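Chemist: Okay, so here is model-v7.cif, and as you'll see once you scroll down, it has mmCIF, C-alpha atoms and all ligand atoms.
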data_structure
#
loop_
_atom_site.label_atom_id
_atom_site.label_comp_id
_atom_site.auth_asym_id
_atom_site.auth_seq_id
_atom_site.Cartn_x
_atom_site.Cartn_y
_atom_site.Cartn_z
CA MET A 1 -288.44 132.72 -81.07
CA HIS A 2 -289.30 130.81 -84.21
CA SER A 3 -288.19 127.23 -84.25
CA GLN A 4 -286.23 128.02 -87.41
CA THR A 5 -284.22 130.66 -85.55
CA LEU A 6 -283.51 128.18 -82.78
CA LEU A 7 -282.31 125.64 -85.31
CA VAL A 8 -279.95 128.13 -86.93
CA ALA A 9 -278.62 129.17 -83.53
CA ALA A 10 -277.99 125.54 -82.65
CA LEU A 11 -276.15 124.89 -85.92
CA VAL A 12 -273.96 127.96 -85.42
CA ALA A 13 -273.06 126.69 -81.95
CA VAL A 14 -272.12 123.29 -83.38
CA ALA A 15 -270.02 124.89 -86.11
CA GLU A 16 -268.16 127.03 -83.58
CA ALA A 17 -267.60 124.15 -81.21
CA ARG A 18 -265.87 122.17 -83.94
CA PHE A 19 -263.81 125.10 -85.11
CA GLY A 20 -261.05 124.49 -82.54
CA GLN A 21 -260.02 121.25 -84.26
CA GLU A 22 -257.40 122.78 -86.52
CA GLN A 23 -255.39 124.09 -83.58
CA ILE A 24 -254.19 120.62 -82.64
CA PRO A 25 -251.64 119.94 -85.43
CA VAL A 26 -250.66 123.62 -85.65
CA ALA A 27 -248.69 123.52 -82.40
CA ALA A 28 -246.89 120.29 -83.30
CA VAL A 29 -245.69 121.76 -86.62
CA ALA A 30 -244.84 125.14 -85.08
CA ALA A 31 -242.63 123.37 -82.51
CA LEU A 32 -240.31 121.97 -85.23
CA THR A 33 -238.10 125.06 -85.22
CA SER A 34 -234.89 123.01 -85.18
CA ARG A 35 -235.83 121.43 -88.56
CA GLY A 36 -235.49 122.92 -92.02
CA ASN A 37 -234.47 126.53 -92.51
CA PRO A 38 -235.24 129.24 -89.97
CA GLY A 39 -238.89 130.22 -90.32
CA ASP A 40 -239.97 127.07 -92.20
CA ALA A 41 -241.81 125.53 -89.24
CA GLY A 42 -243.64 128.79 -88.60
CA THR A 43 -244.62 129.19 -92.24
CA LEU A 44 -245.86 125.62 -92.53
CA SER A 45 -247.78 125.71 -89.24
CA GLY A 46 -249.48 128.86 -90.49
CA GLN A 47 -250.80 126.90 -93.46
CA VAL A 48 -252.40 124.18 -91.32
CA PRO A 49 -255.65 125.95 -90.34
CA GLY A 50 -256.44 126.77 -93.98
CA VAL A 51 -256.39 123.14 -95.13
CA LEU A 52 -258.71 122.09 -92.31
CA LEU A 53 -261.37 124.69 -93.03
CA ALA A 54 -264.68 123.58 -94.48
CA GLY A 55 -263.94 125.25 -97.79
CA ALA A 56 -260.55 123.56 -98.34
CA ASN A 57 -260.13 120.66 -100.74
CA ALA A 58 -260.06 117.36 -98.86
CA CYS A 59 -256.72 116.46 -100.48
CA ALA A 60 -254.98 119.71 -99.48
CA LYS A 61 -254.14 118.57 -95.94
CA LEU A 62 -252.43 115.46 -97.36
CA SER A 63 -250.32 117.54 -99.76
CA LEU A 64 -249.40 119.91 -96.92
CA ALA A 65 -248.38 116.91 -94.78
CA ASP A 66 -246.07 115.82 -97.63
CA THR A 67 -244.67 119.35 -97.91
CA ILE A 68 -243.97 119.41 -94.18
CA VAL A 69 -241.87 116.24 -94.52
CA THR A 70 -240.05 117.33 -97.70
CA THR A 71 -239.30 120.76 -96.20
CA LEU A 72 -238.37 119.80 -92.65
CA GLY A 73 -236.97 116.30 -93.23
CA SER A 74 -238.30 112.84 -92.44
CA THR A 75 -237.20 112.69 -88.79
CA PRO A 76 -239.51 111.08 -86.22
CA ASP A 77 -240.68 114.41 -84.79
CA VAL A 78 -241.52 115.79 -88.23
CA LEU A 79 -243.26 112.57 -89.26
CA ALA A 80 -245.30 112.60 -86.04
CA ALA A 81 -246.46 116.17 -86.65
CA ALA A 82 -247.27 115.43 -90.30
CA ALA A 83 -249.11 112.25 -89.26
CA ALA A 84 -251.18 114.30 -86.83
CA LEU A 85 -252.22 116.52 -89.73
CA VAL A 86 -253.21 113.52 -91.85
CA ALA A 87 -255.25 112.25 -88.88
CA ALA A 88 -256.77 115.63 -88.09
CA GLU A 89 -260.46 116.38 -88.47
CA LYS A 90 -261.34 118.66 -91.35
CA ASN A 91 -264.32 120.89 -90.76
CA PHE A 92 -267.39 120.88 -92.96
CA ASN A 93 -270.17 123.37 -93.31
CA PRO A 94 -273.19 121.92 -91.51
CA PHE A 95 -275.46 124.32 -93.39
CA ALA A 96 -274.43 122.84 -96.71
CA VAL A 97 -273.73 119.16 -96.05
CA SER A 98 -274.23 116.61 -93.28
CA VAL A 99 -271.16 114.45 -93.87
CA PRO A 100 -267.41 115.12 -94.23
CA SER A 101 -265.46 114.83 -97.48
CA LEU A 102 -262.33 112.69 -97.78
CA CYS A 103 -259.60 112.69 -100.43
CA SER A 104 -260.03 110.16 -103.26
CA ASP A 105 -256.55 110.61 -104.77
CA ALA A 106 -254.71 107.30 -104.34
CA THR A 107 -251.30 108.96 -104.72
CA LEU A 108 -251.76 111.09 -101.57
CA PRO A 109 -250.10 111.37 -99.22
CA VAL A 110 -246.95 110.57 -101.20
CA THR A 111 -244.80 110.05 -98.07
CA GLU A 112 -244.83 106.29 -97.37
CA ALA A 113 -244.71 106.76 -93.60
CA LEU A 114 -247.92 108.82 -93.74
CA ARG A 115 -249.96 106.29 -95.72
CA GLY A 116 -252.65 104.18 -94.07
CA ILE A 117 -253.42 106.88 -91.50
CA VAL A 118 -257.10 107.84 -91.46
CA PRO A 119 -258.68 111.05 -90.14
CA LEU A 120 -260.93 111.87 -87.24
CA VAL A 121 -264.42 112.99 -88.17
CA ASP A 122 -266.98 115.12 -86.38
CA PRO A 123 -268.51 113.04 -83.57
CA ALA A 124 -271.96 114.24 -84.66
CA VAL A 125 -271.72 112.21 -87.89
CA THR A 126 -273.34 108.78 -87.85
CA GLY A 127 -270.63 106.11 -87.74
CA SER A 128 -267.99 108.47 -86.36
CA SER A 129 -267.15 106.29 -83.36
CA THR A 130 -265.85 103.56 -85.67
CA GLU A 131 -263.85 106.06 -87.70
CA ASN A 132 -262.45 107.88 -84.69
CA ALA A 133 -261.25 104.64 -83.11
CA ASN A 134 -259.73 103.67 -86.48
CA SER A 135 -257.99 107.03 -86.68
CA ALA A 136 -256.36 106.58 -83.26
CA SER A 137 -255.19 103.06 -84.02
CA SER A 138 -253.97 104.01 -87.51
CA LEU A 139 -251.44 106.39 -86.02
CA LEU A 140 -249.84 103.40 -84.31
CA ASN A 141 -250.54 100.72 -86.89
CA PRO A 142 -251.37 102.23 -90.28
CA PHE A 143 -253.90 100.37 -92.35
CA VAL A 144 -252.92 98.66 -95.58
CA ALA A 145 -252.97 101.52 -98.08
CA GLN A 146 -250.99 100.50 -101.15
CA GLY A 147 -252.80 101.81 -104.22
CA LEU A 148 -255.62 103.16 -102.06
CA SER A 149 -256.77 106.70 -101.36
CA VAL A 150 -257.55 107.84 -97.81
CA ALA A 151 -261.23 107.59 -98.79
CA ASP A 152 -260.70 103.97 -99.91
CA VAL A 153 -258.89 103.02 -96.70
CA VAL A 154 -261.56 104.64 -94.54
CA ALA A 155 -264.39 102.84 -96.37
CA ALA A 156 -262.53 99.53 -96.33
CA ASN A 157 -262.35 99.72 -92.57
CA GLY A 158 -265.98 100.37 -91.86
CA PHE A 159 -266.86 104.07 -92.15
CA THR A 160 -268.73 105.10 -95.29
CA ASN A 161 -270.77 108.13 -94.29
CA PHE A 162 -268.75 110.64 -96.32
CA THR A 163 -268.33 112.18 -99.75
CA THR A 164 -265.16 111.65 -101.78
CA GLN A 165 -263.33 114.62 -103.22
CA ALA A 166 -260.57 114.57 -105.84
CA VAL A 167 -257.77 117.12 -106.18
CA ASP A 168 -259.73 118.80 -108.99
CA GLY A 169 -262.71 119.17 -106.63
CA SER A 170 -264.93 116.55 -108.26
CA THR A 171 -266.96 114.59 -105.72
CA GLY A 172 -268.39 111.11 -105.41
CA ALA A 173 -269.92 108.60 -103.02
CA ALA A 174 -267.93 106.45 -100.62
CA ALA A 175 -267.23 102.86 -101.66
CA ALA A 176 -269.10 100.10 -99.88
CA SER A 177 -267.57 99.17 -96.55
CA GLY A 178 -264.90 96.49 -96.53
CA VAL A 179 -264.58 96.12 -100.29
CA ALA A 180 -261.22 97.66 -101.02
CA VAL A 181 -259.15 96.10 -98.29
CA VAL A 182 -259.76 92.52 -99.32
CA ALA A 183 -259.00 93.27 -102.93
CA SER A 184 -255.82 95.16 -102.15
CA ALA A 185 -254.46 93.38 -99.13
CA SER A 186 -252.83 90.37 -100.72
CA ALA A 187 -251.23 92.52 -103.40
CA SER A 188 -249.73 94.90 -100.93
CA VAL A 189 -248.46 92.15 -98.67
CA SER A 190 -246.40 90.58 -101.41
CA ALA A 191 -245.25 93.93 -102.72
CA SER A 192 -244.27 95.23 -99.30
CA ALA A 193 -242.65 92.02 -98.18
CA SER A 194 -240.42 91.81 -101.23
CA ALA A 195 -239.54 95.47 -101.05
CA SER A 196 -239.21 95.58 -97.29
CA ALA A 197 -235.71 97.00 -97.33
CA ALA A 198 -236.46 99.50 -100.04
CA SER A 199 -236.94 102.63 -98.03
CA ALA A 200 -236.43 103.81 -94.52
CA ALA A 201 -239.56 105.87 -94.87
CA THR A 202 -241.69 102.75 -95.16
CA THR A 203 -240.77 101.57 -91.66
CA LEU A 204 -244.16 102.02 -90.06
CA VAL A 205 -246.23 100.66 -92.90
CA THR A 206 -243.86 97.83 -93.65
CA SER A 207 -243.67 96.70 -90.07
CA THR A 208 -247.44 96.50 -89.89
CA VAL A 209 -247.63 94.48 -93.06
CA ALA A 210 -244.73 92.29 -92.03
CA VAL A 211 -246.50 91.35 -88.80
CA ALA A 212 -249.58 90.37 -90.73
CA ALA A 213 -247.62 88.57 -93.40
CA SER A 214 -245.71 86.44 -90.95
CA ALA A 215 -248.74 85.68 -88.82
CA THR A 216 -249.95 83.05 -91.18
CA ALA A 217 -248.62 81.01 -94.05
CA SER A 218 -251.74 81.83 -96.00
CA VAL A 219 -251.70 85.44 -97.09
CA ALA A 220 -254.99 84.96 -98.88
CA ALA A 221 -256.57 83.73 -95.68
CA ALA A 222 -255.24 86.76 -93.84
CA ALA A 223 -256.63 89.08 -96.49
CA GLY A 224 -259.99 87.38 -96.34
CA SER A 225 -260.14 87.79 -92.60
CA GLY A 226 -259.45 91.49 -92.72
CA LEU A 227 -255.63 91.50 -92.55
CA ALA A 228 -253.58 93.94 -90.59
CA PHE A 229 -255.63 95.69 -87.97
CA GLY A 230 -259.37 95.79 -88.21
CA PRO A 231 -261.67 98.49 -86.91
CA ALA A 232 -260.90 99.83 -83.46
CA GLY A 233 -257.55 98.13 -83.35
CA ALA A 234 -259.04 94.71 -82.82
CA PRO A 235 -256.42 92.09 -83.55
CA THR A 236 -257.44 90.12 -86.59
CA SER A 237 -254.54 87.72 -86.53
CA SER A 238 -252.58 86.10 -83.76
CA GLY A 239 -249.51 88.09 -84.82
CA ALA A 240 -245.95 86.85 -84.72
CA ALA A 241 -244.37 87.55 -81.37
CA GLY A 242 -241.42 89.91 -81.28
CA PRO A 243 -237.93 88.58 -80.51
CA ILE A 244 -236.71 88.15 -76.94
CA VAL A 245 -233.69 90.32 -76.10
CA ASN A 246 -231.98 89.94 -72.72
CA GLY A 247 -234.98 87.97 -71.52
CA VAL A 248 -237.46 90.69 -72.46
CA GLN A 249 -239.96 90.19 -75.26
CA GLN A 250 -239.75 93.03 -77.79
CA SER A 251 -242.49 94.89 -79.64
CA THR A 252 -243.11 93.91 -83.26
CA ILE A 253 -243.48 97.62 -84.12
CA SER A 254 -240.19 98.89 -85.41
CA GLY A 255 -238.65 101.69 -83.34
CA LEU A 256 -240.53 100.91 -80.12
CA ASN A 257 -238.20 99.92 -77.27
CA PHE A 258 -239.87 99.30 -73.92
CA GLY A 259 -236.56 98.90 -72.10
CA LEU A 260 -236.74 96.54 -69.13
CA CYS A 261 -240.49 96.00 -69.43
CA VAL A 262 -243.10 94.19 -71.47
CA PRO A 263 -246.03 96.65 -71.41
CA THR A 264 -248.82 94.11 -71.91
CA MET A 265 -252.12 93.90 -70.06
CA LYS A 266 -254.10 90.89 -68.84
CA PHE A 267 -257.83 90.43 -68.19
CA GLU A 268 -258.40 87.76 -65.60
CA ALA A 269 -260.88 86.52 -63.06
CA GLY A 270 -260.11 86.12 -59.40
CA LEU A 271 -257.19 88.55 -59.15
CA ASP A 272 -256.43 89.78 -55.64
CA GLY A 273 -259.00 87.48 -54.08
CA ARG A 274 -261.87 88.56 -56.32
CA LYS A 275 -264.57 86.05 -57.27
CA ASP A 276 -263.96 83.52 -60.05
CA THR A 277 -266.55 85.35 -62.11
CA GLU A 278 -265.14 88.82 -61.57
CA PHE A 279 -262.71 89.92 -64.27
CA THR A 280 -260.28 92.80 -63.87
CA PHE A 281 -257.36 94.33 -65.73
CA GLN A 282 -253.74 94.29 -64.62
CA ALA A 283 -250.29 94.73 -66.16
CA ILE A 284 -248.67 91.34 -66.78
CA ASP A 285 -245.05 92.30 -66.16
CA PRO A 286 -244.28 92.29 -62.39
CA LEU A 287 -241.93 95.23 -62.88
CA VAL A 288 -244.81 97.24 -64.31
CA ASN A 289 -247.61 96.18 -61.96
CA LYS A 290 -245.58 96.58 -58.76
CA GLY A 291 -247.49 98.83 -56.37
CA GLN A 292 -250.65 98.91 -58.51
CA GLU A 293 -253.84 97.03 -57.64
CA GLU A 294 -255.71 95.31 -60.45
CA ALA A 295 -258.69 97.38 -61.65
CA LEU A 296 -262.13 97.06 -63.21
CA ASN A 297 -261.39 100.21 -65.18
CA PRO A 298 -258.85 99.48 -67.94
CA ASN A 299 -257.89 103.16 -68.14
CA ILE A 300 -256.31 102.96 -64.68
CA ILE A 301 -254.04 100.17 -65.85
CA THR A 302 -253.17 101.71 -69.24
CA LYS A 303 -252.21 104.94 -67.48
CA ARG A 304 -250.14 103.06 -64.94
CA ILE A 305 -248.30 101.07 -67.62
CA SER A 306 -247.67 104.29 -69.52
CA ASP A 307 -246.27 106.00 -66.39
CA GLN A 308 -244.06 103.04 -65.55
CA LEU A 309 -242.35 103.29 -68.94
CA THR A 310 -240.71 106.44 -67.61
CA ASN A 311 -240.57 105.51 -63.92
CA VAL A 312 -238.96 102.08 -64.05
CA CYS A 313 -238.70 100.69 -67.57
CA ASN A 314 -236.30 103.09 -69.28
CA ALA A 315 -238.38 102.91 -72.47
CA ASN A 316 -237.46 105.07 -75.48
CA GLN A 317 -239.48 108.12 -76.50
CA ALA A 318 -241.18 106.34 -79.40
CA ALA A 319 -242.43 103.66 -77.00
CA LYS A 320 -243.69 106.29 -74.55
CA ASP A 321 -245.44 108.16 -77.36
CA ALA A 322 -247.04 104.95 -78.59
CA ALA A 323 -248.27 104.18 -75.08
CA THR A 324 -249.69 107.70 -74.69
CA ALA A 325 -251.60 107.27 -77.95
CA ALA A 326 -252.76 103.81 -76.90
CA VAL A 327 -254.05 105.19 -73.57
CA ALA A 328 -256.25 107.54 -75.61
CA GLN A 329 -257.27 104.74 -77.93
CA ILE A 330 -258.42 102.48 -75.09
CA SER A 331 -260.25 105.35 -73.46
CA ALA A 332 -262.01 106.09 -76.77
CA LEU A 333 -262.99 102.44 -77.18
CA GLY A 334 -264.86 102.52 -73.87
CA THR A 335 -264.92 98.71 -73.62
CA LYS A 336 -264.08 96.67 -70.52
CA ASP A 337 -263.48 93.18 -71.74
CA GLN A 338 -261.07 90.79 -73.37
CA SER A 339 -261.04 92.88 -76.56
CA THR A 340 -259.83 95.88 -74.55
CA ALA A 341 -256.71 94.07 -73.37
CA ASP A 342 -256.17 92.68 -76.88
CA ALA A 343 -256.46 96.15 -78.42
CA TRP A 344 -253.90 97.57 -75.98
CA ASN A 345 -251.44 94.73 -76.53
CA THR A 346 -251.86 94.95 -80.31
CA ALA A 347 -251.42 98.72 -80.34
CA LEU A 348 -248.00 98.36 -78.72
CA GLY A 349 -246.83 95.49 -80.94
CA PHE A 350 -247.72 92.54 -78.72
CA ALA A 351 -250.65 91.10 -80.67
CA GLY A 352 -251.68 87.64 -79.59
CA THR A 353 -250.47 88.07 -75.99
CA ASN A 354 -252.08 85.55 -73.64
CA THR A 355 -254.31 87.74 -71.50
CA ASN A 356 -254.88 84.94 -69.00
CA PRO A 357 -251.29 83.96 -68.20
CA ASP A 358 -252.22 82.66 -64.75
CA ASN A 359 -254.85 80.30 -66.12
CA ALA A 360 -257.57 81.88 -64.05
CA PRO A 361 -261.00 80.26 -64.31
CA GLN A 362 -262.82 81.19 -67.53
CA ALA A 363 -266.37 80.71 -66.23
CA GLY A 364 -268.69 83.46 -67.31
CA LEU A 365 -266.23 84.94 -69.81
CA ILE A 366 -268.01 85.29 -73.10
CA GLY A 367 -266.07 85.35 -76.29
CA HIS A 368 -262.72 84.41 -74.81
CA THR A 369 -260.40 82.81 -77.31
C1 LIG B 401 -274.58 110.24 -92.01
O1 LIG B 401 -274.45 111.11 -90.88
C2 LIG B 401 -275.50 112.07 -90.82
C3 LIG B 401 -275.19 112.97 -89.66
O2 LIG B 401 -274.13 113.81 -89.98
C4 LIG B 401 -276.84 111.40 -90.68
O3 LIG B 401 -277.86 112.37 -90.69
C5 LIG B 401 -277.05 110.41 -91.81
O4 LIG B 401 -278.23 109.67 -91.59
C6 LIG B 401 -275.88 109.46 -91.93
N1 LIG B 401 -276.06 108.62 -93.10
C7 LIG B 401 -275.85 107.30 -93.08
C8 LIG B 401 -276.04 106.61 -94.38
O5 LIG B 401 -275.52 106.70 -92.07
#
Could you render the structure as C-alpha cells?
Ligand SMILES: *[C@@H]1O[C@H](CO)[C@@H](O)[C@H](O)[C@H]1NC(C)=O
Modeler:
Amino acid sequence: MHSQTLLVAALVAVAEARFGQEQIPVAAVAALTSRGNPGDAGTLSGQVPGVLLAGANACAKLSLADTIVTTLGSTPDVLAAAAALVAAEKNFNPFAVSVPSLCSDATLPVTEALRGIVPLVDPAVTGSSTENANSASSLLNPFVAQGLSVADVVAANGFTNFTTQAVDGSTGAAAASGVAVVASASASVSASASASAASAATTLVTSTVAVAASATASVAAAAGSGLAFGPAGAPTSSGAAGPIVNGVQQSTISGLNFGLCVPTMKFEAGLDGRKDTEFTFQAIDPLVNKGQEEALNPNIITKRISDQLTNVCNANQAAKDAATAAVAQISALGTKDQSTADAWNTALGFAGTNTNPDNAPQAGLIGHT
C-alpha cells in the first residue's frame, strides 16, 4: 500500500472515532420529556447532532442551547442539559483543518447560566489537555465571561490552538492566551456584584464571581492574578469560606447542599502509620472517611466521597451531580499532589480548605502553601 493510502485510512479512522461525540448531549436533552410541550424535547434533541458536525457554524450549538432553555424552561435539569451542549466537543474535518473553530460572538450564549462554560476539544489537538480540564471545571465554576465570546474565554484561560468563527461564518485567529480575562475581570466583578440580585438565571456565574470578589479587598489584585478559577480548576484565590449551618461548613457554590457532610479532601504525610515523607489523600470529614483507608490514588478518595454523599450525608442532587463532575475532573487532571486536593475542594465550593488539618510534617512536600 502507498504511504498516502495509509495516511488517508488513518485519518478516516480518526474522524470516525471522534464522530460519537455528539451522542452525549443528545440523550440528556431527549430525557427532558416532562418539560415544555409534548414532543419539544425530542425535536430539540434531534437538532443536537447537526450543530456538532464539522460543517456546522461554531455558534450554532450556543444558539441551540439558548433555544433549549427558552423552549423547555430554565429548570436545573434543562440548564444542565443545555450546559452539556455548550461544553460538548464539535467535530472538525481533519482533511481540511487541524484545529477546531470556536464561536467569536460575545452575545452567545444569551442565557446567563450558560455563560463562562467552555467546550471540550479533540484530544489530538495540541493544547487540548488544558482546554479539556478547563471545560470540566467550567461546568462547575464558569469562567468570567461578561462581554466575552466563548472563543475569548477559552483563549483567556490558556488554550489558543483554534480558529474563531462568527455567526456570519467569517473566521479569525485566536487571541493571545490570558489577554482577555485580565482586561475584563475587574469590570465584570463590579458589574456582577452590584447586580447580584438581578436575575435568578445568573446564579451560577454570580456565585463564582462573588466568591472571587469577596476573597480579597483588592479586586484589581484578584484580576491581575487570574481571578475566578484558573486553568484546570486550580484555585487562584484563597476564597471566602462558606457559612457554617448546624455546625457544618457549607459550599460557596449556590444550590449545593452536602447535608451532614463537608466533602473536602486532605493531602497529608504520615497517615495511617505511613512515613513522614509519604503523602496520601483522605477525606477530612470523619463521617465521610469512616471505613475508608487513606490512598495514594486521589481517584479512590474522590469516588468514596462522592458515594458517601448518598450513603450517609443526605446531600441534595445538585451536590451529588457536582461531585460526580468533580470526580471526572480530578481523574482528567491526573495529578497526585497538593494541587489535586485543592482542585477538588475548589470544585465543590470549598476553596482555601486547609489540606493539612492534622499538621502533619511538611518535609519533602514541594510547593505547599
Ligand atoms: C495545533 O494543533 C495541531 C494538531 O491538531 C498541531 O499540529 C499544531 O502544531 C498546533 N499548533 C500550535 C500553535 O500549537
Chemist: As an exercise, work out the distance from atom CA of A:Lys266 to atom CA of A:Ser339 in Å and give it to one decimal place.
Modeler: 10.6 Å
Chemist: Produce a table with one row for each residue of chain A that has an atom at most 9 Å from any atom of ligand LIG 401 (chain B), each row naming the nearest atom pair and its distance in Å at one decimal; use all atoms listed in the file; arrange rows by chain and rising residue number; format as JSON lines.
Modeler:
{"residue": "A:Pro94", "atom": "CA", "partner": "B:LIG401", "partner_atom": "O2", "distance": 8.3}
{"residue": "A:Val97", "atom": "CA", "partner": "B:LIG401", "partner_atom": "O2", "distance": 8.1}
{"residue": "A:Ser98", "atom": "CA", "partner": "B:LIG401", "partner_atom": "O2", "distance": 4.3}
{"residue": "A:Val99", "atom": "CA", "partner": "B:LIG401", "partner_atom": "O2", "distance": 4.9}
{"residue": "A:Pro100", "atom": "CA", "partner": "B:LIG401", "partner_atom": "O2", "distance": 8.1}
{"residue": "A:Asp122", "atom": "CA", "partner": "B:LIG401", "partner_atom": "O2", "distance": 8.1}
{"residue": "A:Pro123", "atom": "CA", "partner": "B:LIG401", "partner_atom": "O2", "distance": 8.6}
{"residue": "A:Ala124", "atom": "CA", "partner": "B:LIG401", "partner_atom": "O2", "distance": 5.8}
{"residue": "A:Val125", "atom": "CA", "partner": "B:LIG401", "partner_atom": "O2", "distance": 3.6}
{"residue": "A:Thr126", "atom": "CA", "partner": "B:LIG401", "partner_atom": "O1", "distance": 4.0}
{"residue": "A:Gly127", "atom": "CA", "partner": "B:LIG401", "partner_atom": "O5", "distance": 6.6}
{"residue": "A:Ser128", "atom": "CA", "partner": "B:LIG401", "partner_atom": "O1", "distance": 8.3}
{"residue": "A:Thr160", "atom": "CA", "partner": "B:LIG401", "partner_atom": "C8", "distance": 7.5}
{"residue": "A:Asn161", "atom": "CA", "partner": "B:LIG401", "partner_atom": "C1", "distance": 4.9}
{"residue": "A:Phe162", "atom": "CA", "partner": "B:LIG401", "partner_atom": "C1", "distance": 7.3}
Chemist: Just give me the gap between atom CA of A:Leu120 and atom CA of A:Ala133 in Å, one decimal is fine.
Modeler: 8.3 Å
Chemist: Just checking: using only C-alpha atoms, which residue out of A:Leu296, A:Leu85, A:Leu114, A:Val69 ends up closest to A:Pro49?
Modeler: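 Selected residue with least distance to A:Pro49: A:Leu85.
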Chemist: I'd like to know which of A:Thr111, A:Thr277, A:Asn354, A:Asn37 is closest to A:Ser63, using only C-alpha atoms.
Modeler: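 Once distances to A:Ser63 are computed over only C-alpha atoms, the minimum belongs to A:Thr111.
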Chemist: Residues at most 9 Å from A:Cys261, counting all atoms listed in the file, excluding those fewer than 5 positions away in the same chain, as a ChimeraX atom specification?
Modeler: /A:248-250,285-288,308-309,312-315
Chemist: Centre and edge lengths, as lines of an AutoDock Vina configuration file, for the axis-aligned box enclosing every listed atom of stretch 142-146 of chain A with 4 Å of padding on each of the six sides, in Å to one decimal?
Modeler:
center_x = -252.4
center_y = 100.4
center_z = -95.7
size_x = 10.9
size_y = 11.6
size_z = 18.9
Chemist: Identify which of the residues A:Pro25, A:Gly169, A:Pro263, A:Gly242 lies closest to A:Gly46, counting only C-alpha atoms when measuring atom-to-atom distances.
Modeler: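 Looking only at the distances to A:Gly46, the closest residue turns out to be A:Pro25.
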Chemist: With distances taken over all atoms listed in the file, which residue among A:Thr252, A:Asn356, A:Asn257, A:Gln317 lies nearest A:Ile284?
Modeler: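 Under the stated criterion, the closest residue is A:Asn356.
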Chemist: Measure the distance from atom CA of A:Ala174 to atom CA of A:Ala151 in Å and round it to one decimal.
Modeler: 7.0 Å
Chemist: Tell me which of A:Ala30, A:Ala175, A:Cys103, A:Ile253 sits closest to A:Ser149, counting only C-alpha atoms.
Modeler: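 Closest residue, counting only C-alpha atoms: A:Cys103.
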Chemist: Please provide as an MDAnalysis selection string all residues within 8 Å of A:Ser306, with the sequence filter that same-chain residues fewer than 2 positions apart are discarded (counting all atoms listed in the file).
Modeler: chainID A and resid 302:304 308:310 320 323:324 327
